[in-house]
file model_27.txt (compact mmCIF, C-alpha atoms)
# COMPACT_ATOMS: atom_id res chain seq x y z
CA MET A 1 2.37 -24.66 -25.67
CA ALA A 2 1.00 -28.20 -25.95
CA MET A 3 -1.55 -29.05 -28.67
CA ASN A 4 -3.61 -32.21 -28.42
CA THR A 5 -3.58 -34.30 -31.62
CA ARG A 6 -4.59 -37.87 -32.45
CA LYS A 7 -0.98 -38.97 -32.04
CA GLY A 8 -0.40 -37.24 -28.70
CA PHE A 9 0.97 -33.75 -27.97
CA ARG A 10 2.86 -31.39 -30.20
CA PHE A 11 4.84 -28.60 -28.54
CA THR A 12 5.23 -25.23 -30.22
CA THR A 13 6.93 -21.97 -29.23
CA TYR A 14 4.74 -19.81 -26.99
CA GLU A 15 3.42 -16.71 -28.68
CA ALA A 16 2.07 -13.86 -26.60
CA PRO A 17 -1.48 -12.84 -27.43
CA ASP A 18 -1.73 -9.88 -29.75
CA GLN A 19 -2.51 -6.55 -28.13
CA THR A 20 -4.86 -4.11 -29.75
CA PRO A 21 -3.53 -0.62 -30.54
CA PHE A 22 -5.55 0.70 -27.60
CA GLU A 23 -4.07 -1.84 -25.15
CA LYS A 24 -0.52 -1.02 -26.20
CA LEU A 25 -1.05 2.71 -25.74
CA PHE A 26 -3.02 2.23 -22.53
CA GLU A 27 -0.07 0.47 -20.85
CA ILE A 28 2.16 3.46 -21.63
CA PHE A 29 -0.52 5.98 -20.69
CA GLN A 30 -1.00 4.45 -17.22
CA GLU A 31 2.70 4.81 -16.51
CA LEU A 32 2.74 8.38 -17.76
CA ILE A 33 -0.33 9.44 -15.78
CA THR A 34 1.34 8.19 -12.59
CA HIS A 35 4.43 10.29 -13.29
CA THR A 36 2.37 13.39 -14.11
CA SER A 37 0.33 13.05 -10.89
CA GLY A 38 -2.95 12.64 -12.72
CA ASP A 39 -2.42 15.47 -15.23
CA VAL A 40 -4.07 14.01 -18.34
CA GLU A 41 -2.99 16.77 -20.73
CA GLU A 42 0.66 16.46 -19.70
CA ALA A 43 0.53 12.67 -20.00
CA LEU A 44 -0.95 12.96 -23.51
CA ASP A 45 1.74 15.46 -24.49
CA TRP A 46 4.38 12.93 -23.42
CA LEU A 47 2.53 10.22 -25.30
CA ARG A 48 2.56 12.31 -28.47
CA GLU A 49 6.31 12.85 -28.10
CA LEU A 50 6.86 9.12 -27.69
CA ASP A 51 4.65 8.50 -30.70
CA LYS A 52 6.84 10.78 -32.83
CA GLU A 53 9.99 8.99 -31.72
CA TYR A 54 8.83 5.38 -31.71
CA GLU A 55 5.88 5.44 -34.13
CA LEU A 56 3.37 3.98 -31.69
CA THR A 57 0.40 4.75 -33.91
CA ASP A 58 -0.44 4.76 -37.60
CA GLU A 59 -3.09 6.30 -39.82
CA ASP A 60 -5.56 3.58 -38.87
CA TYR A 61 -5.33 4.37 -35.15
CA THR A 62 -4.15 7.79 -34.00
CA ILE A 63 -3.64 9.45 -30.61
CA ASP A 64 -6.96 11.21 -31.13
CA ASP A 65 -8.64 7.82 -31.62
CA PHE A 66 -6.98 6.67 -28.41
CA ILE A 67 -8.32 9.69 -26.52
CA GLU A 68 -11.84 9.02 -27.77
CA ASP A 69 -11.52 5.39 -26.64
CA LEU A 70 -10.34 6.51 -23.20
CA LYS A 71 -13.49 8.61 -22.91
CA ALA A 72 -15.77 5.90 -24.29
CA LYS A 73 -14.35 3.28 -21.89
CA GLY A 74 -14.81 5.58 -18.90
CA PHE A 75 -11.13 6.16 -18.07
CA ILE A 76 -11.08 9.93 -18.59
CA ARG A 77 -13.77 12.57 -18.71
CA GLU A 78 -14.14 16.19 -19.78
CA GLU A 79 -15.01 18.70 -17.11
CA PHE A 80 -16.60 22.07 -17.85
CA ASP A 81 -17.33 25.12 -15.75
CA THR A 82 -20.94 25.80 -14.87
CA ASP A 83 -21.20 28.17 -17.86
CA GLY A 84 -20.02 25.41 -20.17
CA GLN A 85 -16.67 27.09 -20.77
CA GLN A 86 -13.23 25.65 -20.20
CA GLY A 87 -11.69 26.05 -16.78
CA GLU A 88 -9.74 29.23 -16.06
CA GLY A 89 -6.04 29.09 -16.77
CA GLU A 90 -6.24 26.09 -19.13
CA GLU A 91 -5.40 26.14 -22.79
CA GLY A 92 -7.98 24.36 -24.92
CA ASP A 93 -7.71 22.51 -28.19
CA GLY A 94 -10.66 24.31 -29.63
CA GLU A 95 -14.17 25.47 -28.99
CA GLY A 96 -16.18 23.41 -26.56
CA SER A 97 -13.22 21.50 -25.15
CA GLY A 98 -12.96 21.07 -21.40
CA ASN A 99 -10.41 19.94 -18.87
CA LEU A 100 -9.57 16.25 -19.11
CA SER A 101 -9.35 14.33 -15.84
CA ILE A 102 -9.09 10.70 -14.87
CA THR A 103 -12.07 8.85 -13.43
CA ALA A 104 -12.48 6.67 -10.34
CA LYS A 105 -12.34 3.66 -12.66
CA LEU A 106 -8.82 4.56 -13.78
CA GLU A 107 -7.77 5.43 -10.22
CA CYS A 108 -8.69 1.88 -9.24
CA MET A 109 -6.84 0.43 -12.24
CA LEU A 110 -3.70 2.38 -11.31
CA ARG A 111 -3.74 0.84 -7.82
CA GLN A 112 -4.19 -2.64 -9.29
CA ARG A 113 -1.37 -2.02 -11.76
CA ALA A 114 0.95 -0.84 -9.00
CA LEU A 115 0.17 -3.98 -7.03
CA ASP A 116 0.98 -6.16 -10.04
CA GLN A 117 4.18 -4.25 -10.75
CA ILE A 118 5.54 -4.24 -7.23
CA PHE A 119 4.09 -7.19 -5.41
CA GLY A 120 3.37 -9.55 -8.31
CA LYS A 121 0.14 -11.31 -9.14
CA LEU A 122 -1.42 -11.92 -5.73
CA LYS A 123 -4.55 -14.00 -5.35
CA ARG A 124 -7.40 -12.33 -3.57
CA SER A 125 -8.58 -13.62 -0.26
CA GLY A 126 -11.98 -12.98 1.23
CA ALA A 127 -10.84 -12.40 4.79
CA GLY A 128 -7.85 -10.99 6.58
CA ASN A 129 -5.46 -13.67 7.75
CA HIS A 130 -2.88 -12.15 10.01
CA LYS A 131 -2.15 -15.32 11.93
CA THR A 132 -0.49 -15.48 15.31
CA GLY A 133 1.07 -18.36 17.18
CA LYS A 134 -1.67 -18.27 19.78
CA SER A 135 -4.44 -20.81 19.67
CA GLY A 136 -7.69 -20.56 21.57
CA ARG A 137 -10.97 -18.84 20.89
CA GLY A 138 -10.40 -17.43 17.49
CA ASP A 139 -12.13 -17.26 14.15
CA GLU A 140 -9.97 -19.53 12.00
CA HIS A 141 -10.11 -23.32 12.25
CA THR A 142 -6.75 -25.04 12.52
CA GLY A 143 -7.99 -28.56 11.63
CA GLU A 144 -6.67 -29.90 14.94
CA PHE A 145 -8.66 -31.28 17.88
CA ARG A 146 -8.18 -31.28 21.64
CA GLU A 147 -10.12 -32.39 24.67
CA TYR A 148 -12.99 -30.27 25.92
CA ARG A 149 -12.10 -27.85 28.72
CA PHE A 150 -14.50 -26.00 30.98
CA GLY A 151 -15.37 -22.67 29.41
CA ASP A 152 -15.09 -23.79 25.79
CA ALA A 153 -17.93 -22.44 23.68
CA LEU A 154 -20.52 -25.06 22.65
CA GLU A 155 -20.26 -24.05 19.00
CA HIS A 156 -16.62 -25.14 19.00
CA ILE A 157 -17.43 -28.73 19.98
CA SER A 158 -16.92 -31.12 17.08
CA MET A 159 -20.00 -33.36 17.27
CA THR A 160 -18.69 -35.84 14.69
CA GLU A 161 -15.45 -36.44 16.57
CA SER A 162 -17.24 -36.47 19.94
CA LEU A 163 -19.77 -39.09 18.78
CA LYS A 164 -16.96 -41.20 17.39
CA ASN A 165 -15.20 -41.07 20.76
CA ALA A 166 -18.42 -42.07 22.53
CA GLN A 167 -18.83 -45.13 20.29
CA ILE A 168 -15.20 -46.15 20.82
CA ASN A 169 -15.32 -45.61 24.59
CA HIS A 170 -18.80 -46.99 25.36
CA GLY A 171 -19.78 -49.15 22.40
CA ILE A 172 -22.64 -48.84 19.93
CA GLY A 173 -25.16 -51.09 21.70
CA ASN A 174 -25.32 -49.05 24.89
CA PHE A 175 -24.69 -45.54 23.61
CA SER A 176 -23.48 -43.00 26.14
CA LEU A 177 -21.88 -39.57 25.72
CA SER A 178 -19.91 -38.06 28.60
CA GLU A 179 -17.81 -34.94 29.05
CA GLU A 180 -14.66 -37.03 28.60
CA ASP A 181 -15.78 -37.89 25.07
CA LEU A 182 -16.11 -34.29 23.96
CA VAL A 183 -13.46 -32.79 21.70
CA VAL A 184 -13.10 -29.24 20.49
CA GLU A 185 -11.82 -28.14 17.11
CA ASP A 186 -9.08 -25.69 17.87
CA THR A 187 -9.15 -22.23 16.40
CA GLN A 188 -6.52 -19.59 15.93
CA TYR A 189 -6.59 -15.88 16.51
CA LYS A 190 -6.18 -13.67 13.49
CA ALA A 191 -4.39 -10.47 14.39
CA GLN A 192 -5.66 -7.39 12.63
CA MET A 193 -3.11 -4.79 11.61
CA SER A 194 -3.55 -1.05 11.53
CA THR A 195 -0.90 0.66 9.44
CA VAL A 196 -0.11 4.31 8.83
CA LEU A 197 2.08 5.02 5.82
CA MET A 198 3.95 8.32 6.04
CA ILE A 199 5.26 9.79 2.77
CA ASP A 200 7.78 12.62 2.70
CA ILE A 201 6.71 15.23 0.12
CA SER A 202 9.42 17.78 0.87
CA HIS A 203 11.21 19.38 -2.06
CA SER A 204 14.19 17.03 -1.76
CA MET A 205 12.02 14.20 -3.10
CA ILE A 206 12.61 15.58 -6.61
CA LEU A 207 16.06 17.13 -6.18
CA TYR A 208 19.31 15.94 -7.74
CA GLY A 209 17.60 14.86 -10.96
CA GLU A 210 15.89 11.88 -9.34
CA ASP A 211 12.13 11.35 -9.13
CA ARG A 212 11.64 9.81 -5.71
CA ILE A 213 7.97 10.63 -5.20
CA THR A 214 6.65 8.43 -8.03
CA PRO A 215 8.09 5.17 -6.60
CA ALA A 216 6.77 6.14 -3.16
CA LYS A 217 3.37 6.85 -4.69
CA LYS A 218 3.35 3.49 -6.46
CA VAL A 219 4.20 1.72 -3.20
CA ALA A 220 1.32 3.48 -1.46
CA MET A 221 -1.13 2.53 -4.22
CA ALA A 222 0.07 -1.08 -4.22
CA LEU A 223 -0.09 -1.37 -0.43
CA ALA A 224 -3.61 0.10 -0.43
CA GLU A 225 -4.73 -2.40 -3.07
CA LEU A 226 -3.05 -5.30 -1.25
CA ILE A 227 -4.76 -4.55 2.04
CA THR A 228 -8.22 -3.86 0.64
CA THR A 229 -8.23 -7.03 -1.51
CA ARG A 230 -6.18 -9.54 0.46
CA TYR A 231 -6.44 -8.34 4.06
CA PRO A 232 -9.76 -6.48 4.21
CA LYS A 233 -9.90 -6.64 8.01
CA ASP A 234 -6.74 -4.54 8.21
CA THR A 235 -6.67 -0.77 7.90
CA LEU A 236 -4.32 1.55 6.05
CA ASP A 237 -4.16 5.30 6.54
CA ILE A 238 -1.85 7.46 4.47
CA LEU A 239 -0.44 10.81 5.44
CA VAL A 240 2.03 13.14 3.80
CA PHE A 241 4.40 15.47 5.58
CA GLY A 242 6.26 18.60 4.55
CA ASN A 243 6.15 21.74 6.69
CA ASP A 244 3.03 20.19 8.22
CA ALA A 245 1.34 16.78 8.00
CA TRP A 246 -2.10 15.88 6.74
CA PRO A 247 -3.98 12.71 5.78
CA ILE A 248 -4.91 11.93 2.19
CA PRO A 249 -7.57 9.49 0.99
CA ILE A 250 -6.45 6.47 -0.99
CA LYS A 251 -8.30 7.70 -4.09
CA ASP A 252 -6.08 10.81 -4.18
CA LEU A 253 -2.80 8.89 -4.38
CA PRO A 254 -2.37 9.22 -8.18
CA TYR A 255 -2.45 13.02 -7.78
CA LEU A 256 0.24 13.18 -5.07
CA LYS A 257 2.93 15.82 -5.73
CA VAL A 258 6.02 17.17 -4.03
CA GLY A 259 5.76 20.72 -2.66
CA PRO A 260 8.20 23.49 -1.75
CA TYR A 261 8.41 22.14 1.77
CA HIS A 262 10.91 21.40 4.48
CA THR A 263 10.64 18.09 6.39
CA ASN A 264 8.55 18.18 9.58
CA THR A 265 9.00 14.57 10.67
CA VAL A 266 7.65 15.33 14.15
CA ALA A 267 4.31 16.56 12.76
CA GLY A 268 4.03 13.40 10.66
CA LEU A 269 4.68 11.15 13.64
CA GLN A 270 2.23 13.06 15.84
CA LEU A 271 -0.53 12.69 13.27
CA ALA A 272 0.28 9.02 12.70
CA MET A 273 0.03 8.24 16.40
CA ASP A 274 -3.22 10.21 16.70
CA MET A 275 -4.66 8.10 13.88
CA LEU A 276 -3.56 4.84 15.49
CA ARG A 277 -4.87 5.78 18.95
CA ARG A 278 -8.37 5.64 17.48
CA LYS A 279 -7.90 2.11 16.14
CA ARG A 280 -9.15 -0.80 18.20
CA ASN A 281 -6.75 -3.26 16.57
CA THR A 282 -4.05 -4.70 18.80
CA ASN A 283 -1.37 -4.59 16.11
CA LYS A 284 -0.34 -1.13 15.02
CA GLN A 285 2.61 0.08 13.00
CA ILE A 286 4.02 3.06 11.16
CA PHE A 287 5.86 2.90 7.84
CA MET A 288 7.82 6.05 7.00
CA ILE A 289 9.27 6.72 3.54
CA THR A 290 11.70 9.63 3.58
CA ASP A 291 14.87 10.73 1.84
CA GLY A 292 15.85 13.76 3.86
CA LYS A 293 16.72 14.91 7.32
CA PRO A 294 14.14 16.47 9.63
CA SER A 295 14.50 20.20 9.07
CA CYS A 296 11.33 21.82 10.39
CA LEU A 297 9.18 22.11 13.51
CA ARG A 298 6.03 24.03 14.27
CA LEU A 299 6.38 25.96 17.51
CA PRO A 300 3.54 26.35 20.05
CA ASN A 301 2.91 29.93 18.84
CA GLY A 302 2.33 28.69 15.31
CA ASP A 303 5.66 29.83 13.86
CA TYR A 304 7.92 27.43 11.97
CA TYR A 305 11.41 26.68 13.15
CA LYS A 306 13.48 25.63 10.13
CA ASN A 307 17.10 24.65 9.65
CA SER A 308 18.29 22.90 6.50
CA VAL A 309 21.98 22.99 7.43
CA GLY A 310 23.14 19.66 8.82
CA LEU A 311 21.21 18.05 11.65
CA ASP A 312 19.68 20.53 14.06
CA ASP A 313 19.97 19.23 17.64
CA TYR A 314 16.67 20.77 18.73
CA ILE A 315 14.73 19.15 15.86
CA VAL A 316 16.54 15.84 16.19
CA GLU A 317 15.81 15.56 19.92
CA LYS A 318 12.13 16.17 19.24
CA CYS A 319 12.23 13.28 16.72
CA TYR A 320 13.83 10.97 19.27
CA ALA A 321 11.18 11.93 21.82
CA MET A 322 8.43 11.04 19.35
CA ALA A 323 10.09 7.69 18.67
CA GLN A 324 10.17 6.93 22.40
CA GLN A 325 6.53 7.99 22.77
CA ALA A 326 5.51 5.62 19.99
CA ARG A 327 7.46 2.84 21.70
CA LYS A 328 5.49 3.41 24.93
CA LEU A 329 2.29 3.07 22.89
CA HIS A 330 3.63 -0.21 21.43
CA ILE A 331 3.75 1.27 17.93
CA PRO A 332 6.86 0.18 16.03
CA ILE A 333 8.17 2.50 13.33
CA THR A 334 9.82 1.10 10.23
CA THR A 335 11.82 3.71 8.36
CA PHE A 336 12.64 3.34 4.67
CA MET A 337 15.49 5.78 4.13
CA ILE A 338 16.09 6.73 0.50
CA ALA A 339 19.49 8.25 1.18
CA GLN A 340 23.03 7.07 1.80
CA ASP A 341 24.55 10.06 3.61
CA PRO A 342 26.47 8.71 6.63
CA TYR A 343 25.25 11.38 9.05
CA LEU A 344 21.62 10.81 8.02
CA MET A 345 22.03 7.06 8.36
CA GLN A 346 23.40 7.62 11.87
CA PHE A 347 20.34 9.72 12.74
CA VAL A 348 18.03 6.95 11.50
CA ARG A 349 19.94 4.36 13.52
CA GLU A 350 19.53 6.37 16.73
CA PHE A 351 15.88 7.14 15.92
CA THR A 352 15.26 3.42 15.36
CA GLN A 353 16.99 2.51 18.61
CA ALA A 354 14.79 4.97 20.52
CA ASN A 355 11.69 3.27 19.10
CA LYS A 356 13.06 -0.32 19.03
CA GLY A 357 11.78 -0.37 15.45
CA LYS A 358 13.48 -1.14 12.17
CA ALA A 359 15.25 0.76 9.43
CA PHE A 360 16.01 -0.03 5.81
CA TYR A 361 18.59 1.97 3.89
CA THR A 362 17.49 1.57 0.33
CA GLY A 363 17.47 3.16 -3.05
CA LEU A 364 14.34 3.39 -5.11
CA LYS A 365 14.79 -0.02 -6.68
CA GLY A 366 13.20 -2.71 -4.55
CA LEU A 367 11.46 -0.26 -2.21
CA GLY A 368 8.06 -1.86 -2.80
CA GLU A 369 9.33 -5.39 -2.27
CA MET A 370 10.99 -4.36 1.01
CA ILE A 371 7.80 -2.80 2.34
CA PHE A 372 5.74 -5.80 1.29
CA GLU A 373 8.13 -8.27 2.95
CA ASP A 374 8.18 -6.24 6.16
CA TYR A 375 4.39 -5.97 6.15
CA GLU A 376 4.07 -9.74 5.69
CA GLN A 377 6.59 -10.38 8.46
CA ASN A 378 4.88 -8.00 10.90
CA ARG A 379 1.45 -9.52 10.30
CA LYS A 380 2.69 -12.90 11.52
CA LYS A 381 3.37 -11.69 15.02
CA ARG A 382 1.16 -10.24 17.69
CA ILE A 383 2.39 -7.01 19.24
CA LYS A 384 1.54 -6.94 22.92
CA GLY A 385 -0.56 -4.00 24.00

call {"tool": "encode", "arguments": {"input": "model_27.txt", "output": "structure tokens"}}
result
Amino acid sequence: MAMNTRKGFRFTTYEAPDQTPFEKLFEIFQELITHTSGDVEEALDWLRELDKEYELTDEDYTIDDFIEDLKAKGFIREEFDTDGQQGEGEEGDGEGSGNLSITAKLECMLRQRALDQIFGKLKRSGAGNHKTGKSGRGDEHTGEFREYRFGDALEHISMTESLKNAQINHGIGNFSLSEEDLVVEDTQYKAQMSTVLMIDISHSMILYGEDRITPAKKVAMALAELITTRYPKDTLDILVFGNDAWPIPIKDLPYLKVGPYHTNTVAGLQLAMDMLRRKRNTNKQIFMITDGKPSCLRLPNGDYYKNSVGLDDYIVEKCYAMAQQARKLHIPITTFMIAQDPYLMQFVREFTQANKGKAFYTGLKGLGEMIFEDYEQNRKKRIKG
């Protein structure tokens, strides 16, 4: 850090600004609330355990003080039943206590935090800027000029450059402006992107002692925050798939949990394509985060066909058919496979070939960066419809 003095500059060692007791605990609490899927009581229980082990608080500022500050700052709230009593099935701390839940304010902060954690500090931009290599009638000025061509819109004519040409070509004394003097400021198309993010919430996402759903949830929150703040003309829809598939609103991401489900990849792809059919954007894509093999289908009569042993040919062929259908609709699928089993990797390779999409075989570390880089790469090209 440089300090201005009468003799010049004096450099001293940088010292991080002091954090208040609330700020220190709030950083930990935000991480815990993400892992507990929005369960405030469970997150506070974990915080108390950490406090016992690492002495996070002292007599001047306790966990109870922290809870009161969370309420006062609008990050959590108490909810009561209509009769003023605590919700059924919950254990209270005493008379008059209600269920603690996080607020929309904290939901927003969790998305911003995920974006900072995964994608770094990104500057906000007021308009989507998915550029393509095509120039023509667009909505972004390139700073370059060309001669006027029949059909160019009048508002794209650069009057300053055109008048300058007229003076050069015809002189100042006898001013004349002809069509040959006109120049147009070139513009560039900005391709909008419609993305569906599919998240596997089958039981295998928490098997083998590894929490796979929390990193996937963080990626979804970060991607949602990235698109709404930096590329607001783009759209992001999020769906989850287990035995079935269903959409979830962005605000519900912190509460996302794994269920006792098999993996109905076909249902997820069907729903994703239905969502994208309704989008008017030219560029469409599907991101799929999964760690397991497809193991479930819903039959026309409503029954479920399930097989968790190996790769079931009937289910796999249905997946390939969906990949080919998406290809015909010009919807590329990028699969982020959180598994290293050779037979599953082979399935993903064949699935990707059927769609002409992409696949990444990755662990949990770096998942967010991979999705961000692929999103940035895809937004630079225009997918022909």

call {"tool": "residues_near_point", "arguments": {"input": "model_27.txt", "point": "(3.3, -4.2, -7.1)", "cutoff": "10 Å", "atoms": "all atoms listed in the file", "output": "list in words"}}
result
Arg111, Gln112, Arg113, Ala114, Leu115, Asp116, Gln117, Ile118, Phe119, Gly120, Lys121, Leu122, Lys218, Val219, Ala220, Met221, Ala222, Leu223, Glu225, Leu226, Gly368, Glu369 and Phe372 of chain A

call {"tool": "residues_around", "arguments": {"input": "model_27.txt", "residues": "A:Gln285", "least_positions_apart": "3", "cutoff": "7 Å", "atoms": "all atoms listed in the file", "output": "ChimeraX atom specification"}}
result
/A:194-196,331-333

call {"tool": "write_last_selection", "arguments": {"input": "model_27.txt", "atoms": "C-alpha atoms", "output": "short mmCIF file (atom, residue, chain, number, x, y, z; two decimals), in the coordinates of the input"}}
result
data_model
loop_
_atom_site.label_atom_id
_atom_site.label_comp_id
_atom_site.auth_asym_id
_atom_site.auth_seq_id
_atom_site.Cartn_x
_atom_site.Cartn_y
_atom_site.Cartn_z
CA SER A 194 -3.55 -1.05 11.53
CA THR A 195 -0.90 0.66 9.44
CA VAL A 196 -0.11 4.31 8.83
CA ILE A 331 3.75 1.27 17.93
CA PRO A 332 6.86 0.18 16.03
CA ILE A 333 8.17 2.50 13.33
#

call {"tool": "residues_around", "arguments": {"input": "model_27.txt", "residues": "A:Ala321", "least_positions_apart": "4", "cutoff": "8 Å", "atoms": "only C-alpha atoms", "output": "MDAnalysis selection string"}}
result
chainID A and resid 317 325 354

call {"tool": "atom_distance", "arguments": {"input": "model_27.txt", "atom1": "atom CA of A:Tyr320", "atom2": "atom CA of A:Pro249"}}
result
28.2 Å

call {"tool": "residues_around", "arguments": {"input": "model_27.txt", "residues": "stretch 231-244 of chain A", "least_positions_apart": "6", "cutoff": "7 Å", "atoms": "only C-alpha atoms", "output": "VMD selection string"}}
result
chain A and resid 127 to 129 192 to 202 224 261 to 265 267 to 268 296
